[in-house]
$ cat structure_27.cif   # mmCIF, C-alpha atoms
data_run
loop_
_atom_site.label_atom_id
_atom_site.label_comp_id
_atom_site.auth_asym_id
_atom_site.auth_seq_id
_atom_site.Cartn_x
_atom_site.Cartn_y
_atom_site.Cartn_z
CA MET S 1 0.00 0.00 0.00
CA SER S 2 1.41 3.38 -1.00
CA ASP S 3 2.26 6.06 1.55
CA LEU S 4 1.44 9.07 -0.61
CA PRO S 5 1.39 12.75 0.33
CA TYR S 6 -1.89 14.18 -0.90
CA GLU S 7 -4.34 17.04 -0.55
CA ILE S 8 -7.99 17.36 -1.52
CA ASP S 9 -9.61 20.78 -1.96
CA PHE S 10 -13.35 21.37 -2.19
CA LEU S 11 -13.85 24.87 -3.60
CA PRO S 12 -17.06 26.79 -2.90
CA VAL S 13 -19.73 26.75 -5.60
CA GLY S 14 -22.75 29.04 -5.64
CA ASP S 15 -23.54 32.12 -3.58
CA GLY S 16 -27.23 31.32 -3.18
CA GLU S 17 -29.28 28.15 -2.77
CA ARG S 18 -27.93 26.07 -5.68
CA SER S 19 -24.90 23.91 -4.86
CA GLY S 20 -22.32 22.29 -7.13
CA ASP S 21 -18.93 20.56 -7.10
CA ALA S 22 -15.45 21.91 -7.89
CA ILE S 23 -12.72 19.63 -6.55
CA ALA S 24 -8.94 19.59 -6.95
CA VAL S 25 -6.59 16.84 -5.80
CA ARG S 26 -2.80 16.91 -5.72
CA TYR S 27 -0.62 13.94 -4.84
CA TYR S 28 2.89 12.65 -5.38
CA GLN S 29 3.58 9.36 -7.08
CA ALA S 30 6.47 7.95 -9.10
CA GLY S 31 8.60 10.91 -8.10
CA ARG S 32 6.40 13.67 -9.41
CA GLN S 33 3.33 15.77 -8.72
CA TRP S 34 -0.03 14.76 -10.17
CA VAL S 35 -3.07 17.02 -10.38
CA HIS S 36 -6.58 15.60 -10.66
CA VAL S 37 -9.60 17.92 -11.09
CA ILE S 38 -13.13 16.60 -10.64
CA ASP S 39 -15.95 18.85 -11.84
CA GLY S 40 -15.84 22.62 -12.12
CA GLY S 41 -19.06 24.00 -10.66
CA ASN S 42 -20.18 27.17 -12.42
CA ARG S 43 -18.13 29.65 -14.47
CA ASP S 44 -16.97 31.53 -11.36
CA SER S 45 -15.89 28.24 -9.80
CA GLY S 46 -13.86 27.46 -12.91
CA GLU S 47 -12.04 30.77 -12.55
CA ALA S 48 -11.41 30.02 -8.87
CA LEU S 49 -10.10 26.55 -9.71
CA CYS S 50 -7.56 28.01 -12.15
CA TRP S 51 -6.35 30.46 -9.51
CA HIS S 52 -6.21 27.73 -6.89
CA LEU S 53 -4.11 25.44 -9.08
CA SER S 54 -1.65 28.20 -9.83
CA HIS S 55 -1.48 29.64 -6.30
CA TYR S 56 -1.49 26.50 -4.14
CA TYR S 57 -0.34 23.74 -6.48
CA GLY S 58 2.10 25.94 -8.40
CA THR S 59 0.99 24.69 -11.79
CA THR S 60 -1.15 25.36 -14.82
CA HIS S 61 -1.11 21.69 -15.80
CA VAL S 62 -3.88 19.22 -14.97
CA ASP S 63 -3.06 15.57 -15.55
CA HIS S 64 -6.63 14.35 -15.33
CA LEU S 65 -9.73 16.49 -15.89
CA VAL S 66 -12.76 14.47 -14.83
CA CYS S 67 -16.45 15.19 -15.39
CA SER S 68 -18.40 13.08 -12.91
CA HIS S 69 -21.73 13.49 -14.75
CA LEU S 70 -23.45 15.91 -17.08
CA ASP S 71 -25.39 18.24 -14.75
CA ASP S 72 -24.60 21.92 -15.34
CA ASP S 73 -23.44 22.56 -11.76
CA HIS S 74 -20.60 20.11 -12.37
CA VAL S 75 -19.80 20.80 -16.02
CA SER S 76 -19.88 24.55 -16.50
CA GLY S 77 -16.63 25.56 -14.80
CA LEU S 78 -14.69 22.73 -16.44
CA ARG S 79 -14.77 24.73 -19.66
CA THR S 80 -12.67 27.46 -18.05
CA VAL S 81 -10.18 24.96 -16.58
CA LEU S 82 -9.86 23.36 -20.02
CA GLU S 83 -9.27 26.69 -21.72
CA ARG S 84 -6.76 28.10 -19.21
CA ASN S 85 -4.54 25.09 -18.49
CA THR S 86 -2.65 22.35 -20.24
CA ILE S 87 -4.52 19.08 -19.83
CA GLY S 88 -3.26 15.52 -20.00
CA THR S 89 -6.54 13.65 -20.44
CA VAL S 90 -10.24 14.54 -20.25
CA TRP S 91 -12.42 11.82 -18.74
CA LEU S 92 -15.98 12.32 -19.92
CA ASN S 93 -18.94 10.13 -20.80
CA ARG S 94 -20.77 11.50 -23.84
CA PRO S 95 -24.06 9.59 -24.20
CA TRP S 96 -24.39 10.39 -27.91
CA LEU S 97 -21.44 8.10 -28.60
CA PHE S 98 -23.67 5.19 -27.58
CA ALA S 99 -26.78 6.26 -29.53
CA GLU S 100 -26.81 3.20 -31.76
CA GLU S 101 -27.06 0.76 -28.87
CA LEU S 102 -29.35 3.05 -26.85
CA VAL S 103 -31.97 3.91 -29.46
CA ASP S 104 -33.99 0.71 -28.94
CA HIS S 105 -34.43 1.61 -25.24
CA PHE S 106 -36.55 4.67 -26.07
CA GLU S 107 -40.29 4.41 -26.63
CA ASP S 108 -40.38 6.76 -29.62
CA ASP S 109 -40.34 4.55 -32.72
CA ARG S 110 -39.48 7.55 -34.88
CA LEU S 111 -36.08 7.89 -33.26
CA THR S 112 -33.03 6.78 -35.18
CA ALA S 113 -29.52 6.49 -33.81
CA ALA S 114 -28.59 9.65 -35.70
CA SER S 115 -31.56 11.67 -34.41
CA LEU S 116 -30.99 10.44 -30.84
CA ALA S 117 -27.33 11.47 -31.04
CA ARG S 118 -28.37 14.92 -32.27
CA HIS S 119 -30.91 15.28 -29.49
CA LEU S 120 -28.38 14.31 -26.84
CA ARG S 121 -25.82 16.75 -28.18
CA ASP S 122 -28.44 19.51 -28.24
CA ALA S 123 -29.41 18.69 -24.65
CA TYR S 124 -25.87 19.14 -23.34
CA PRO S 125 -24.31 22.16 -25.09
CA MET S 126 -21.70 22.72 -22.36
CA VAL S 127 -20.48 19.15 -22.75
CA VAL S 128 -20.30 19.61 -26.51
CA GLU S 129 -18.23 22.75 -25.92
CA ILE S 130 -15.80 20.73 -23.77
CA GLU S 131 -15.64 18.05 -26.46
CA GLU S 132 -14.95 20.55 -29.24
CA THR S 133 -12.34 22.47 -27.22
CA ALA S 134 -10.48 19.28 -26.30
CA GLU S 135 -10.53 18.06 -29.88
CA ARG S 136 -9.31 21.42 -31.19
CA ARG S 137 -6.43 21.39 -28.69
CA GLY S 138 -5.55 17.75 -29.37
CA ILE S 139 -6.42 16.62 -25.83
CA PRO S 140 -7.58 12.99 -25.64
CA ILE S 141 -11.08 12.33 -24.28
CA ARG S 142 -11.69 9.00 -22.62
CA THR S 143 -14.95 7.33 -21.70
CA VAL S 144 -14.86 6.07 -18.13
CA PHE S 145 -16.59 3.22 -16.33
CA GLN S 146 -16.11 0.83 -13.43
CA GLY S 147 -12.59 -0.59 -13.25
CA ASP S 148 -10.91 2.19 -15.23
CA GLN S 149 -7.79 3.74 -13.71
CA ILE S 150 -7.41 7.55 -13.63
CA GLY S 151 -3.95 8.10 -12.20
CA ALA S 152 -4.07 6.97 -8.57
CA PHE S 153 -7.88 6.75 -8.70
CA THR S 154 -9.93 3.71 -9.62
CA VAL S 155 -13.49 4.13 -10.89
CA LEU S 156 -15.75 2.00 -8.70
CA ALA S 157 -19.06 2.82 -10.42
CA PRO S 158 -21.06 2.93 -12.58
CA SER S 159 -20.38 -0.06 -14.76
CA ARG S 160 -20.84 0.40 -18.47
CA ALA S 161 -23.98 -1.75 -18.44
CA ARG S 162 -25.59 0.34 -15.67
CA TYR S 163 -24.70 3.57 -17.41
CA MET S 164 -26.50 2.37 -20.55
CA HIS S 165 -29.50 1.48 -18.41
CA LEU S 166 -29.52 4.96 -16.84
CA VAL S 167 -29.24 7.15 -19.96
CA PRO S 168 -32.89 6.75 -21.06
CA GLY S 169 -33.90 8.17 -17.66
CA PHE S 170 -31.84 11.35 -18.01
CA ALA S 171 -34.16 14.33 -17.61
CA ARG S 172 -33.13 15.85 -20.94
CA THR S 173 -33.46 12.76 -23.11
CA PRO S 174 -36.65 12.22 -25.21
CA GLU S 175 -38.63 10.15 -22.70
CA GLU S 176 -38.17 11.53 -19.18
CA SER S 177 -38.58 8.88 -16.50
CA GLU S 178 -41.11 9.92 -13.86
CA ASP S 179 -39.62 7.34 -11.51
CA HIS S 180 -36.37 9.32 -11.42
CA ALA S 181 -37.89 12.81 -11.15
CA ASP S 182 -36.08 15.08 -8.72
CA ARG S 183 -37.79 14.90 -5.34
CA PHE S 184 -36.79 18.43 -4.31
CA THR S 185 -39.74 20.83 -4.48
CA LEU S 186 -40.44 24.38 -3.35
CA ARG S 187 -42.82 22.97 -0.76
CA ASP S 188 -40.00 20.78 0.53
CA LEU S 189 -37.73 23.82 0.78
CA ALA S 190 -40.35 25.82 2.68
CA HIS S 191 -41.01 22.91 4.98
CA ALA S 192 -37.31 22.43 5.72
CA ALA S 193 -37.06 26.07 6.78
CA GLY S 194 -40.28 25.93 8.77
CA SER S 195 -41.09 25.62 12.42
CA VAL S 196 -38.68 23.63 14.56
CA ARG S 197 -41.64 22.08 16.37
CA ASP S 198 -42.47 20.17 13.15
CA TRP S 199 -39.02 18.62 12.97
CA ILE S 200 -38.09 15.11 14.03
CA LEU S 201 -36.14 14.28 17.19
CA GLU S 202 -33.03 12.20 16.64
CA THR S 203 -30.55 10.52 18.95
CA PHE S 204 -27.53 8.34 18.24
CA GLY S 205 -29.87 5.37 18.43
CA VAL S 206 -32.78 6.84 16.45
CA GLU S 207 -32.18 7.50 12.74
CA SER S 208 -34.54 9.18 10.25
CA LEU S 209 -32.74 8.26 7.02
CA ARG S 210 -34.69 5.78 4.93
CA GLU S 211 -33.86 2.80 2.77
CA HIS S 212 -34.92 2.46 -0.87
CA VAL S 213 -35.20 6.16 -1.71
CA LYS S 214 -34.26 7.31 -5.20
CA THR S 215 -32.51 10.18 -6.90
CA THR S 216 -32.39 11.12 -10.58
CA ALA S 217 -30.92 8.87 -13.25
CA SER S 218 -28.42 11.62 -14.05
CA ASN S 219 -27.20 11.65 -10.44
CA GLU S 220 -26.97 7.87 -10.46
CA SER S 221 -24.65 8.10 -13.48
CA SER S 222 -22.06 9.95 -11.34
CA LEU S 223 -18.57 8.50 -11.23
CA VAL S 224 -17.49 7.15 -7.85
CA GLN S 225 -13.69 7.20 -7.57
CA ALA S 226 -11.29 5.90 -4.93
CA ALA S 227 -7.55 6.32 -4.40
CA VAL S 228 -5.37 4.69 -1.77
CA PHE S 229 -3.41 7.36 0.09
CA THR S 230 -1.43 6.49 3.21
CA ASP S 231 -3.35 3.76 5.04
CA ARG S 232 -6.93 4.27 3.85
CA ILE S 233 -8.85 5.23 0.78
CA ALA S 234 -10.17 8.61 -0.28
CA LEU S 235 -13.61 8.24 -1.83
CA LEU S 236 -15.22 10.82 -4.13
CA THR S 237 -18.92 10.24 -4.79
CA ALA S 238 -20.19 13.31 -6.75
CA ASP S 239 -24.02 13.09 -6.84
CA ALA S 240 -24.24 9.30 -6.75
CA GLY S 241 -27.36 7.74 -5.30
CA ILE S 242 -27.96 4.58 -3.34
CA GLU S 243 -27.86 2.25 -6.36
CA THR S 244 -24.52 3.58 -7.59
CA LEU S 245 -23.04 3.63 -4.09
CA ASP S 246 -24.20 0.02 -3.67
CA GLU S 247 -22.39 -0.88 -6.91
CA ALA S 248 -19.25 0.95 -5.76
CA LEU S 249 -19.27 -0.66 -2.31
CA SER S 250 -19.73 -4.10 -3.86
CA TYR S 251 -16.61 -3.43 -5.94
CA ILE S 252 -14.71 -2.45 -2.79
CA GLU S 253 -15.98 -5.48 -0.88
CA ASP S 254 -14.79 -7.70 -3.71
CA ASN S 255 -11.30 -6.14 -3.42
CA PRO S 256 -10.78 -5.67 0.36
CA SER S 257 -7.00 -5.80 0.20
CA LEU S 258 -6.88 -3.01 -2.38
CA TYR S 259 -9.55 -0.73 -0.93
CA PRO S 260 -9.68 -1.05 2.86
CA LEU S 261 -12.75 0.38 4.57
CA PRO S 262 -13.58 2.67 6.21
CA PRO S 263 -12.12 5.47 4.07
CA ARG S 264 -9.87 8.16 5.47
CA PHE S 265 -11.81 10.74 3.45
CA VAL S 266 -15.26 10.62 1.85
CA GLN S 267 -17.36 13.08 -0.09
CA VAL S 268 -20.92 13.40 1.22
CA PRO S 269 -22.97 12.54 -1.88
CA HIS S 270 -25.05 15.19 -3.65
CA HIS S 271 -24.34 18.02 -1.22
CA GLY S 272 -25.84 16.04 1.65
CA GLY S 273 -29.12 15.12 -0.03
CA ARG S 274 -31.24 12.59 1.85
CA HIS S 275 -32.18 10.68 -1.32
CA ASN S 276 -28.56 9.68 -1.91
CA VAL S 277 -27.66 7.68 1.22
CA ALA S 278 -29.37 5.10 3.40
CA PRO S 279 -28.50 3.56 6.79
CA SER S 280 -27.40 0.31 5.17
CA ILE S 281 -25.11 2.16 2.75
CA LEU S 282 -23.52 4.17 5.56
CA ASP S 283 -23.08 1.01 7.64
CA ARG S 284 -21.20 -0.66 4.80
CA LEU S 285 -19.12 2.44 4.11
CA LEU S 286 -18.27 3.63 7.61
CA GLY S 287 -19.25 0.82 9.95
CA GLU S 288 -22.26 0.61 12.21
CA THR S 289 -22.99 3.29 14.83
CA ASP S 290 -20.06 3.62 17.23
CA THR S 291 -19.94 6.48 19.72
CA GLU S 292 -16.35 5.59 20.70
CA ARG S 293 -14.79 6.25 17.31
CA GLY S 294 -13.01 9.53 16.71
CA GLY S 295 -9.68 11.27 17.06
CA THR S 296 -6.91 10.35 14.64
CA GLU S 297 -8.83 7.38 13.28
CA SER S 298 -12.01 9.28 12.40
CA VAL S 299 -13.23 9.71 8.84
CA THR S 300 -13.24 13.20 7.35
CA ALA S 301 -16.34 13.97 5.24
CA PHE S 302 -16.80 17.05 3.03
CA ALA S 303 -20.10 18.31 1.61
CA SER S 304 -20.14 20.82 -1.23
CA VAL S 305 -22.95 23.25 -0.42
CA ALA S 306 -23.84 26.75 -1.56
CA SER S 307 -23.20 29.62 0.83
CA LYS S 308 -26.85 30.44 1.53
CA THR S 309 -28.57 27.10 1.17
CA GLU S 310 -31.14 26.18 3.82
CA THR S 311 -31.62 22.61 2.63
CA HIS S 312 -28.09 21.18 2.31
CA PRO S 313 -26.56 19.26 3.83
CA ARG S 314 -29.61 17.64 5.32
CA ARG S 315 -29.35 17.36 9.10
CA MET S 316 -30.29 13.67 9.05
CA VAL S 317 -27.46 13.03 6.59
CA VAL S 318 -24.94 14.88 8.74
CA ASN S 319 -26.13 12.89 11.76
CA GLY S 320 -25.87 9.66 9.80
CA PHE S 321 -22.19 10.31 9.11
CA ILE S 322 -21.44 11.56 12.64
CA ARG S 323 -23.05 8.60 14.42
CA ARG S 324 -20.71 6.34 12.43
CA GLY S 325 -17.58 8.20 13.47
CA ALA S 326 -17.17 10.76 10.69
CA THR S 327 -16.28 14.42 11.16
CA VAL S 328 -18.39 16.43 8.71
CA TYR S 329 -17.56 19.80 7.14
CA ALA S 330 -19.34 21.88 4.49
CA THR S 331 -17.91 24.44 2.07
CA ARG S 332 -20.57 27.17 2.50
CA GLY S 333 -18.57 29.82 0.67
CA ASN S 334 -15.12 28.64 1.76
CA THR S 335 -12.59 26.16 0.41
CA LYS S 336 -12.25 23.08 2.58
CA TRP S 337 -8.85 21.37 2.61
CA HIS S 338 -8.05 17.78 3.58
CA HIS S 339 -4.36 16.84 3.51
CA ARG S 340 -1.70 14.41 4.59
CA ASN S 341 2.08 14.97 4.60
CA MET S 342 1.72 18.26 2.70
CA PRO S 343 3.06 21.74 3.63
CA LEU S 344 0.69 23.80 5.77
CA ARG S 345 -0.97 26.88 4.29
CA ALA S 346 -0.51 30.04 6.30
CA ASP S 347 -3.79 31.52 5.07
CA PHE S 348 -5.89 28.49 6.06
CA SER S 349 -7.34 28.11 9.56
CA GLN S 350 -8.88 25.14 11.33
CA ALA S 351 -12.37 24.44 9.99
CA ILE S 352 -15.31 23.96 12.35
CA PRO S 353 -17.19 20.67 11.88
CA TYR S 354 -20.87 20.06 12.37
CA GLU S 355 -22.15 18.88 15.71
CA PHE S 356 -24.83 16.23 16.02
CA PHE S 357 -28.29 17.71 15.43
CA GLU S 358 -30.98 16.92 18.00
CA THR S 359 -33.74 17.71 15.49
CA VAL S 360 -33.84 16.98 11.75
CA GLU S 361 -36.07 17.96 8.85
CA PRO S 362 -39.36 16.08 8.41
CA TRP S 363 -39.82 13.91 5.35
CA GLU S 364 -42.18 15.23 2.71
CA ASP S 365 -43.88 12.27 1.04
#
$ encode --input "structure_27.cif" --output "structure tokens"
Amino acid sequence: MSDLPYEIDFLPVGDGERSGDAIAVRYYQAGRQWVHVIDGGNRDSGEALCWHLSHYYGTTHVDHLVCSHLDDDHVSGLRTVLERNTIGTVWLNRPWLFAEELVDHFEDDRLTAASLARHLRDAYPMVVEIEETAERRGIPIRTVFQGDQIGAFTVLAPSRARYMHLVPGFARTPEESEDHADRFTLRDLAHAAGSVRDWILETFGVESLREHVKTTASNESSLVQAAVFTDRIALLTADAGIETLDEALSYIEDNPSLYPLPPRFVQVPHHGGRHNVAPSILDRLLGETDTERGGTESVTAFASVASKTETHPRRMVVNGFIRRGATVYATRGNTKWHHRNMPLRADFSQAIPYEFFETVEPWED
């Protein structure tokens, strides 16, 4: 197992309610520095990422530029990173490349592979812009599925077969799947910010998270990546939901000597959304509830959340991580930095983690 110096930075995305991801990773391997960028948030986040790479990593080169999935709050800023830096490889799944094998999975008999490919390209103009910029600059673009290696990171999910199953449920493909509709509503937002007396009491022994909840097909297509640094893995989950996390954890459980659980670092999926984790998933990832865990052996968990959001991360999600020994932090307008064997930054101070919440938001069914 490698003893690698590394640092993981979660940059802030969004100054209002809408969250996103902009993540930079630097590590040393084979005698040199490697830089790995995952998602770019919005345009402002892309600008901030470029500054961060230059100022803290001392480089304008990115070895691996990774798009976890096609939602705008992950894609937009990647265009700026691509334009302003030299890039080794872009890792990006473009669904239109698979139109010929996907077309039979859509209910519209008028669709052809060519028309489906056109529709998919029209639905994701920012992704097309990334594709065209990379091709113009001669930067290779790689598709990426379970088992692929991106530098020190291994892709744990989704598998190629699951990705093909998910694409017809993407919100911007011809037949939107109602089963995967986003569960967040304005009523849910208002309820979450409502009277404390309507909220649910929680203790370490009483958990409100549910099993068998769903998120969107697009979120489920998120790449889950793991790298072994020092003595435990770092796990990046993007917006993955329960099904994709189950697939990723099964991969880890099949390779226990390569990916020892629990992780040293884990990204809280989908900004702390309650439709993306379940008690059984957290038990498999972090271990069952243990009030004695903590200190140097605790897991660090970061959630990317907008500075003014009132809904993320969900309190019940924060509690779920804490009761299993994790220390949870959120960006909320500030870069959060996790590191091992790296020089300290004079302009960074100790972050304040969440404490266990005694009340959590009610479910809105």
$ resolve_selection --input "structure_27.cif" --expression "the PyMOL selection byres ((chain S and resi 355-357) around 9)" --output "PDB file with C-alpha atoms, in the coordinates of the input"
ATOM      1  CA  LEU S 201     -36.140  14.280  17.190  1.00  0.00           C
ATOM      2  CA  GLU S 202     -33.030  12.200  16.640  1.00  0.00           C
ATOM      3  CA  THR S 203     -30.550  10.520  18.950  1.00  0.00           C
ATOM      4  CA  PHE S 204     -27.530   8.340  18.240  1.00  0.00           C
ATOM      5  CA  ARG S 315     -29.350  17.360   9.100  1.00  0.00           C
ATOM      6  CA  MET S 316     -30.290  13.670   9.050  1.00  0.00           C
ATOM      7  CA  VAL S 318     -24.940  14.880   8.740  1.00  0.00           C
ATOM      8  CA  ASN S 319     -26.130  12.890  11.760  1.00  0.00           C
ATOM      9  CA  ILE S 322     -21.440  11.560  12.640  1.00  0.00           C
ATOM     10  CA  ARG S 323     -23.050   8.600  14.420  1.00  0.00           C
ATOM     11  CA  THR S 327     -16.280  14.420  11.160  1.00  0.00           C
ATOM     12  CA  VAL S 328     -18.390  16.430   8.710  1.00  0.00           C
ATOM     13  CA  PRO S 353     -17.190  20.670  11.880  1.00  0.00           C
ATOM     14  CA  TYR S 354     -20.870  20.060  12.370  1.00  0.00           C
ATOM     15  CA  GLU S 358     -30.980  16.920  18.000  1.00  0.00           C
ATOM     16  CA  THR S 359     -33.740  17.710  15.490  1.00  0.00           C
ATOM     17  CA  VAL S 360     -33.840  16.980  11.750  1.00  0.00           C
TER      18      VAL S 360
END
$ resolve_selection --input "structure_27.cif" --expression "the PyMOL selection byres ((chain S and resi 250-254) around 10)" --output "ChimeraX atom specification"
/S:146-147,155-157,226,244-249,255-261,284-285
$ residues_around --input "structure_27.cif" --residues "Pro263 (chain S)" --least-positions-apart "5" --cutoff "7 Å" --atoms "only C-alpha atoms" --output "MDAnalysis selection string"
chainID S and resid 232:235 299
$ residues_around --input "structure_27.cif" --residues "Arg160 (chain S)" --least-positions-apart "4" --cutoff "10 Å" --atoms "all atoms listed in the file" --output "PyMOL selection string"
chain S and resi 143-147+164-166+221
$ closest_residue --input "structure_27.cif" --among "S:Met126, S:Val268, S:Ile352, S:Leu236" --to "Ala24 (chain S)" --atoms "all atoms listed in the file"
S:Leu236
$ atom_distance --input "structure_27.cif" --atom1 "CA of His275 (chain S)" --atom2 "CA of Ile242 (chain S)"
7.7 Å
$ closest_atom_pairs --input "structure_27.cif" --of "region 227-266 of chain S" --to "region 62-68 of chain S" --cutoff "12 Å" --atoms "all atoms listed in the file" --output "Markdown table"
| residue | atom | partner | partner_atom | distance |
| --- | --- | --- | --- | --- |
| S:Leu236 | CA | S:Ser68 | CA | 9.6 |
| S:Thr237 | CA | S:Ser68 | CA | 8.6 |
| S:Ala238 | CA | S:Ser68 | CA | 6.4 |
| S:Asp239 | CA | S:Ser68 | CA | 8.3 |
| S:Ala240 | CA | S:Ser68 | CA | 9.3 |
$ closest_residue --input "structure_27.cif" --among "S:Ser159, S:Asn42, S:Gly272, S:Trp51" --to "Asp15 (chain S)" --atoms "only C-alpha atoms"
S:Asn42
$ atom_distance --input "structure_27.cif" --atom1 "CA of Arg137 (chain S)" --atom2 "CA of Val35 (chain S)"
19.1 Å
$ atom_distance --input "structure_27.cif" --atom1 "CA of Val13 (chain S)" --atom2 "CA of Ile87 (chain S)"
22.2 Å
$ axis_aligned_box --input "structure_27.cif" --around "region 260-267 of chain S" --padding-each-side "3 Å" --output "JSON"
{"center_x": -13.5, "center_y": 6.0, "center_z": 3.1, "size_x": 13.7, "size_y": 20.1, "size_z": 12.3}
